[in-house]
Amino acid sequence: MDTSKTSELVGAEIERDVKLDEGYQQTCKKFDEMLPNLPKGEGWWVDQLFQYRGFWLESFCLRGSLLIHDHFKPRPTDLILSTSPKCGTTWLRALTFATINRNSYDFCHHPLLKANPQDLVLFFETYIHLGGSTSFIEGLPSPRFLSTHLPYSFFPKSMTSQDASTCRFVYICRDPKDVFISKWHFLNRLRPKELPPLSLEEAFDLFCKGVSQYGPFWDHVLGYWKASLESPKKVLFLKYEDVKKEPSFCVRKMAEFLGVPFSPEEENKEVVQEIVKLCSFKNLSNLDVNKDVTRTWERPISSSDFFRKGQVGDWVNHLTPEMAEILDQITKEKFKGTGLSFD
C-alpha cells in the first residue's frame with residue numbers, strides 16, 4: 001500500500017461527505033454532543049483547544065482519539081510510536097522504520113531517501129478517520145507502525161494491557177525547555193496569516209499552564225514513564241538527549257525491545273552505524289523530499305516544517321534565565337518522587 005500517496009488525500013477524504021459505518025456514526029454523535037460542553041483554551045495554531053480527561057487537544061485529534069478508543073483492534077505486532085509534540089517524532093519514525101526494515105531495503109536506495117518519515121509511519125489520529133471506518137487501518141499489513149501524540153491514558157485497555165496479545169509502545173521525551181521553544185517556532189510557522197504571531201511570552205504562559213497541543217507536557221511524559229516502569233516489555237521510554245548522545249546504543253536498545261536484535265554479522269557490517277547515519281538530522285534535512293515547503297489544504301504541514309535545528313539546548317538562545325528557572329521548577333515539582341528527571 002502506497003502510504004505516501006494516501007497522505008496527500010487524507011485531508012480531503014476526511015472533510016468530504018464520507019459515509020460513516022454505524023459504529024463511527026455513534027462515536028461521532030457522542031463527540032458532537034460532548035464538544036460544546038468541554039472547557040476551552042487558546043490554541044497556538046487553531047482557534048481553540050478543548051480539555052478532555054485532563055489534556056488539551058484540537059477538536060479533530062480529539063475525535064480521532066475517540067475513534068481509536070472505540071473501534072481500533074490491536075494486533076500483537078502493532079508498534080505505536082508515541083511522543084508529546086516536538087520531542088523527536090520525525091527522528092523516532094525514521095530510526096524505527098529503518099531498524100525494523102533493515103533487511104528489506106538497501107541503504108543506497110532506501111525509502112527514507114525519497115519519502116518523509118511521516119509518509120512511512122502514519123499519524124494515528126488522522127488515519128483512523130479515513131474511509132469512515134477502520135477499513136484503511138485494518139488493511140495495513142503487519143507489523144503496523146503508527147505514530148501518535150495521544151496520552152497513554154487515552155488508549156483502551158485492549159492496547160495497554162500487559163497481556164502478550166497487545167501492541168507495544170516506544171516513547172521519546174525531551175527537556176521541556178527545548179520542547180517549548182521548538183513548539184513555539186513550529187506552530188508560529190503554521191499559524192494562519194490573518195492572525196498575529198504568538199509572542200514568546202504569551203506562549204510561555206500557556207505552556208506553563210499546560211494549555212498546549214496534547215498538554216500538559218509533564219502529565220503526558222509521566223503517563224508513559226509510569227507505564228514503562230509497570231510494563232517494561234510493553235513500553236520503551238527514551239530521552240531525546242540520550243539518543244543524541246549515544247544514537248547507536250539507543251538503536252540497539254530499541255531493536256532488542258522490538259525483538260529484532262542485531263546479529264554479530266550485522267554488527268560486523270556496521271548496520272547500526274548505517275541506520276544512524278541514514279536517519280541523522282544532517283542527512284534527512286538535506287534531502288530534496290524534506291526541503292519541500294509546499295502546503296496545501298489537504299496537507300497543511302510541509303515536509304520542511306518538520307526540520308528546524310534538532311539540537312539539544314537551543315532554548316538558551318530564546319529563554320531568559322527567569323523563564324528557564326520557572327520551567328525547571330515546574331519539572332522538579334511534577335517529577336518529584338517518580339525517579340524521572342532531565343538533569
# chains A, B, ... in the order shown; residues from 1 in each chain; ligands from 1
$ closest_atom_pairs --of "region 64-103 of chain A" --to "region 27-38 of chain A" --cutoff "8 Å" --atoms "only C-alpha atoms" --output "JSON lines"
{"residue": "A:Leu66", "atom": "CA", "partner": "A:Thr27", "partner_atom": "CA", "distance": 6.9}
{"residue": "A:Leu67", "atom": "CA", "partner": "A:Thr27", "partner_atom": "CA", "distance": 6.5}
{"residue": "A:Asp70", "atom": "CA", "partner": "A:Thr27", "partner_atom": "CA", "distance": 7.3}
$ write_last_selection --atoms "N, CA, C and O atoms" --output "compact mmCIF listing (two decimals), in the first residue's frame"
# COMPACT_ATOMS: atom_id res chain seq x y z
N LEU A 66 -11.23 9.35 20.12
CA LEU A 66 -12.45 8.61 20.44
C LEU A 66 -12.64 7.45 19.47
O LEU A 66 -13.07 6.35 19.88
N LEU A 67 -12.35 7.68 18.20
CA LEU A 67 -12.48 6.60 17.21
C LEU A 67 -11.49 5.47 17.51
O LEU A 67 -11.83 4.29 17.39
N ASP A 70 -12.77 3.56 20.62
CA ASP A 70 -14.00 2.78 20.42
C ASP A 70 -13.87 1.67 19.39
O ASP A 70 -14.60 0.67 19.46
$ select_by_dssp --residues "region 80-149 of chain A" --states "strand (DSSP E or B)" --output "PyMOL selection string"
chain A and resi 80-83+122-123+145-148
$ closest_residue --among "A:Val221, A:Leu195, A:Cys167, A:Val121" --to "Pro85 (chain A)" --atoms "only C-alpha atoms"
A:Val221
$ closest_residue --among "A:Asn286, A:Thr166, A:Gln311, A:Gln26" --to "Lys244 (chain A)" --atoms "only C-alpha atoms"
A:Gln311
$ atom_distance --atom1 "CA of Val271 (chain A)" --atom2 "CA of Met254 (chain A)"
14.1 Å
$ decode --residues "region 103-140 of chain A" --atoms "N, CA, C and O atoms" --output "PDB file, in the first residue's frame"
ATOM      1  N   ASN A 103      16.450  -5.338   6.692  1.00  0.00           N
ATOM      2  CA  ASN A 103      16.739  -6.424   5.754  1.00  0.00           C
ATOM      3  C   ASN A 103      15.912  -6.332   4.479  1.00  0.00           C
ATOM      4  O   ASN A 103      16.048  -7.167   3.582  1.00  0.00           O
ATOM      5  N   SER A 104      15.065  -5.310   4.404  1.00  0.00           N
ATOM      6  CA  SER A 104      14.177  -5.182   3.245  1.00  0.00           C
ATOM      7  C   SER A 104      14.682  -4.193   2.207  1.00  0.00           C
ATOM      8  O   SER A 104      14.279  -4.252   1.044  1.00  0.00           O
ATOM      9  N   TYR A 105      15.547  -3.270   2.617  1.00  0.00           N
ATOM     10  CA  TYR A 105      15.984  -2.216   1.705  1.00  0.00           C
ATOM     11  C   TYR A 105      17.489  -2.019   1.774  1.00  0.00           C
ATOM     12  O   TYR A 105      18.100  -2.141   2.835  1.00  0.00           O
ATOM     13  N   ASP A 106      18.049  -1.680   0.631  1.00  0.00           N
ATOM     14  CA  ASP A 106      19.449  -1.293   0.556  1.00  0.00           C
ATOM     15  C   ASP A 106      19.578   0.152   1.019  1.00  0.00           C
ATOM     16  O   ASP A 106      18.731   0.989   0.687  1.00  0.00           O
ATOM     17  N   PHE A 107      20.605   0.469   1.784  1.00  0.00           N
ATOM     18  CA  PHE A 107      20.749   1.824   2.304  1.00  0.00           C
ATOM     19  C   PHE A 107      20.963   2.860   1.200  1.00  0.00           C
ATOM     20  O   PHE A 107      20.685   4.047   1.403  1.00  0.00           O
ATOM     21  N   CYS A 108      21.424   2.418   0.052  1.00  0.00           N
ATOM     22  CA  CYS A 108      21.635   3.352  -1.064  1.00  0.00           C
ATOM     23  C   CYS A 108      20.340   3.682  -1.794  1.00  0.00           C
ATOM     24  O   CYS A 108      20.265   4.678  -2.529  1.00  0.00           O
ATOM     25  N   HIS A 109      19.320   2.845  -1.623  1.00  0.00           N
ATOM     26  CA  HIS A 109      18.036   3.061  -2.293  1.00  0.00           C
ATOM     27  C   HIS A 109      16.900   2.930  -1.274  1.00  0.00           C
ATOM     28  O   HIS A 109      15.898   2.253  -1.521  1.00  0.00           O
ATOM     29  N   HIS A 110      17.067   3.567  -0.163  1.00  0.00           N
ATOM     30  CA  HIS A 110      16.142   3.407   0.954  1.00  0.00           C
ATOM     31  C   HIS A 110      14.921   4.319   0.791  1.00  0.00           C
ATOM     32  O   HIS A 110      15.040   5.439   0.280  1.00  0.00           O
ATOM     33  N   PRO A 111      13.728   3.855   1.228  1.00  0.00           N
ATOM     34  CA  PRO A 111      12.538   4.714   1.169  1.00  0.00           C
ATOM     35  C   PRO A 111      12.710   6.054   1.878  1.00  0.00           C
ATOM     36  O   PRO A 111      12.124   7.054   1.471  1.00  0.00           O
ATOM     37  N   LEU A 112      13.532   6.092   2.937  1.00  0.00           N
ATOM     38  CA  LEU A 112      13.743   7.343   3.664  1.00  0.00           C
ATOM     39  C   LEU A 112      14.503   8.376   2.838  1.00  0.00           C
ATOM     40  O   LEU A 112      14.525   9.558   3.197  1.00  0.00           O
ATOM     41  N   LEU A 113      15.108   7.953   1.749  1.00  0.00           N
ATOM     42  CA  LEU A 113      15.789   8.899   0.867  1.00  0.00           C
ATOM     43  C   LEU A 113      14.816   9.583  -0.085  1.00  0.00           C
ATOM     44  O   LEU A 113      15.151  10.604  -0.699  1.00  0.00           O
ATOM     45  N   LYS A 114      13.612   9.024  -0.192  1.00  0.00           N
ATOM     46  CA  LYS A 114      12.635   9.538  -1.156  1.00  0.00           C
ATOM     47  C   LYS A 114      11.319   9.965  -0.517  1.00  0.00           C
ATOM     48  O   LYS A 114      10.466  10.559  -1.197  1.00  0.00           O
ATOM     49  N   ALA A 115      11.125   9.654   0.757  1.00  0.00           N
ATOM     50  CA  ALA A 115       9.855   9.964   1.418  1.00  0.00           C
ATOM     51  C   ALA A 115      10.120  10.530   2.806  1.00  0.00           C
ATOM     52  O   ALA A 115      11.062  10.114   3.494  1.00  0.00           O
ATOM     53  N   ASN A 116       9.293  11.479   3.209  1.00  0.00           N
ATOM     54  CA  ASN A 116       9.365  11.998   4.563  1.00  0.00           C
ATOM     55  C   ASN A 116       8.935  10.906   5.535  1.00  0.00           C
ATOM     56  O   ASN A 116       8.046  10.115   5.224  1.00  0.00           O
ATOM     57  N   PRO A 117       9.561  10.819   6.709  1.00  0.00           N
ATOM     58  CA  PRO A 117       9.175   9.778   7.670  1.00  0.00           C
ATOM     59  C   PRO A 117       7.690   9.744   8.009  1.00  0.00           C
ATOM     60  O   PRO A 117       7.152   8.688   8.325  1.00  0.00           O
ATOM     61  N   GLN A 118       6.996  10.893   7.920  1.00  0.00           N
ATOM     62  CA  GLN A 118       5.569  10.899   8.213  1.00  0.00           C
ATOM     63  C   GLN A 118       4.774  10.108   7.180  1.00  0.00           C
ATOM     64  O   GLN A 118       3.642   9.688   7.457  1.00  0.00           O
ATOM     65  N   ASP A 119       5.349   9.906   5.994  1.00  0.00           N
ATOM     66  CA  ASP A 119       4.671   9.126   4.969  1.00  0.00           C
ATOM     67  C   ASP A 119       4.905   7.626   5.129  1.00  0.00           C
ATOM     68  O   ASP A 119       4.221   6.813   4.510  1.00  0.00           O
ATOM     69  N   LEU A 120       5.878   7.260   5.947  1.00  0.00           N
ATOM     70  CA  LEU A 120       6.214   5.856   6.143  1.00  0.00           C
ATOM     71  C   LEU A 120       5.671   5.315   7.459  1.00  0.00           C
ATOM     72  O   LEU A 120       5.456   4.112   7.594  1.00  0.00           O
ATOM     73  N   VAL A 121       5.482   6.195   8.428  1.00  0.00           N
ATOM     74  CA  VAL A 121       4.859   5.832   9.703  1.00  0.00           C
ATOM     75  C   VAL A 121       3.695   6.791   9.898  1.00  0.00           C
ATOM     76  O   VAL A 121       3.889   7.966  10.210  1.00  0.00           O
ATOM     77  N   LEU A 122       2.498   6.307   9.699  1.00  0.00           N
ATOM     78  CA  LEU A 122       1.315   7.164   9.595  1.00  0.00           C
ATOM     79  C   LEU A 122       0.842   7.688  10.950  1.00  0.00           C
ATOM     80  O   LEU A 122       0.989   7.027  11.972  1.00  0.00           O
ATOM     81  N   PHE A 123       0.244   8.878  10.907  1.00  0.00           N
ATOM     82  CA  PHE A 123      -0.240   9.529  12.111  1.00  0.00           C
ATOM     83  C   PHE A 123      -1.603   8.958  12.487  1.00  0.00           C
ATOM     84  O   PHE A 123      -2.586   9.123  11.767  1.00  0.00           O
ATOM     85  N   PHE A 124      -1.646   8.297  13.627  1.00  0.00           N
ATOM     86  CA  PHE A 124      -2.797   7.512  14.075  1.00  0.00           C
ATOM     87  C   PHE A 124      -4.080   8.337  14.118  1.00  0.00           C
ATOM     88  O   PHE A 124      -5.131   7.931  13.589  1.00  0.00           O
ATOM     89  N   GLU A 125      -4.026   9.507  14.770  1.00  0.00           N
ATOM     90  CA  GLU A 125      -5.235  10.299  14.978  1.00  0.00           C
ATOM     91  C   GLU A 125      -5.862  10.773  13.676  1.00  0.00           C
ATOM     92  O   GLU A 125      -7.055  11.062  13.626  1.00  0.00           O
ATOM     93  N   THR A 126      -5.057  10.872  12.622  1.00  0.00           N
ATOM     94  CA  THR A 126      -5.575  11.270  11.313  1.00  0.00           C
ATOM     95  C   THR A 126      -6.137  10.079  10.547  1.00  0.00           C
ATOM     96  O   THR A 126      -7.278  10.098  10.074  1.00  0.00           O
ATOM     97  N   TYR A 127      -5.347   9.035  10.445  1.00  0.00           N
ATOM     98  CA  TYR A 127      -5.721   7.939   9.542  1.00  0.00           C
ATOM     99  C   TYR A 127      -6.838   7.045  10.080  1.00  0.00           C
ATOM    100  O   TYR A 127      -7.433   6.289   9.330  1.00  0.00           O
ATOM    101  N   ILE A 128      -7.142   7.140  11.365  1.00  0.00           N
ATOM    102  CA  ILE A 128      -8.276   6.391  11.890  1.00  0.00           C
ATOM    103  C   ILE A 128      -9.581   6.913  11.300  1.00  0.00           C
ATOM    104  O   ILE A 128     -10.583   6.205  11.266  1.00  0.00           O
ATOM    105  N   HIS A 129      -9.568   8.164  10.799  1.00  0.00           N
ATOM    106  CA  HIS A 129     -10.758   8.748  10.190  1.00  0.00           C
ATOM    107  C   HIS A 129     -11.012   8.221   8.775  1.00  0.00           C
ATOM    108  O   HIS A 129     -12.151   8.251   8.294  1.00  0.00           O
ATOM    109  N   LEU A 130      -9.962   7.815   8.089  1.00  0.00           N
ATOM    110  CA  LEU A 130     -10.020   7.609   6.643  1.00  0.00           C
ATOM    111  C   LEU A 130     -11.044   6.548   6.248  1.00  0.00           C
ATOM    112  O   LEU A 130     -11.057   5.449   6.787  1.00  0.00           O
ATOM    113  N   GLY A 131     -11.910   6.912   5.313  1.00  0.00           N
ATOM    114  CA  GLY A 131     -12.886   5.975   4.777  1.00  0.00           C
ATOM    115  C   GLY A 131     -14.138   5.804   5.606  1.00  0.00           C
ATOM    116  O   GLY A 131     -15.026   5.030   5.248  1.00  0.00           O
ATOM    117  N   GLY A 132     -14.208   6.488   6.759  1.00  0.00           N
ATOM    118  CA  GLY A 132     -15.410   6.395   7.572  1.00  0.00           C
ATOM    119  C   GLY A 132     -15.551   5.097   8.337  1.00  0.00           C
ATOM    120  O   GLY A 132     -16.630   4.765   8.837  1.00  0.00           O
ATOM    121  N   SER A 133     -14.450   4.352   8.433  1.00  0.00           N
ATOM    122  CA  SER A 133     -14.457   3.089   9.176  1.00  0.00           C
ATOM    123  C   SER A 133     -13.000   2.717   9.449  1.00  0.00           C
ATOM    124  O   SER A 133     -12.085   3.449   9.077  1.00  0.00           O
ATOM    125  N   THR A 134     -12.790   1.574  10.059  1.00  0.00           N
ATOM    126  CA  THR A 134     -11.420   1.118  10.313  1.00  0.00           C
ATOM    127  C   THR A 134     -10.820   0.382   9.122  1.00  0.00           C
ATOM    128  O   THR A 134      -9.738  -0.180   9.228  1.00  0.00           O
ATOM    129  N   SER A 135     -11.507   0.414   7.989  1.00  0.00           N
ATOM    130  CA  SER A 135     -11.075  -0.391   6.842  1.00  0.00           C
ATOM    131  C   SER A 135      -9.658  -0.060   6.384  1.00  0.00           C
ATOM    132  O   SER A 135      -8.885  -0.961   6.037  1.00  0.00           O
ATOM    133  N   PHE A 136      -9.297   1.228   6.389  1.00  0.00           N
ATOM    134  CA  PHE A 136      -7.949   1.586   5.952  1.00  0.00           C
ATOM    135  C   PHE A 136      -6.910   1.061   6.931  1.00  0.00           C
ATOM    136  O   PHE A 136      -5.932   0.413   6.541  1.00  0.00           O
ATOM    137  N   ILE A 137      -7.106   1.339   8.213  1.00  0.00           N
ATOM    138  CA  ILE A 137      -6.169   0.882   9.240  1.00  0.00           C
ATOM    139  C   ILE A 137      -6.094  -0.639   9.266  1.00  0.00           C
ATOM    140  O   ILE A 137      -5.012  -1.224   9.388  1.00  0.00           O
ATOM    141  N   GLU A 138      -7.244  -1.290   9.144  1.00  0.00           N
ATOM    142  CA  GLU A 138      -7.271  -2.761   9.147  1.00  0.00           C
ATOM    143  C   GLU A 138      -6.567  -3.327   7.923  1.00  0.00           C
ATOM    144  O   GLU A 138      -6.040  -4.441   7.963  1.00  0.00           O
ATOM    145  N   GLY A 139      -6.538  -2.546   6.851  1.00  0.00           N
ATOM    146  CA  GLY A 139      -5.914  -3.023   5.623  1.00  0.00           C
ATOM    147  C   GLY A 139      -4.406  -2.904   5.594  1.00  0.00           C
ATOM    148  O   GLY A 139      -3.756  -3.442   4.686  1.00  0.00           O
ATOM    149  N   LEU A 140      -3.825  -2.224   6.576  1.00  0.00           N
ATOM    150  CA  LEU A 140      -2.370  -2.113   6.623  1.00  0.00           C
ATOM    151  C   LEU A 140      -1.755  -3.460   6.991  1.00  0.00           C
ATOM    152  O   LEU A 140      -2.225  -4.127   7.909  1.00  0.00           O
TER     153      LEU A 140
END
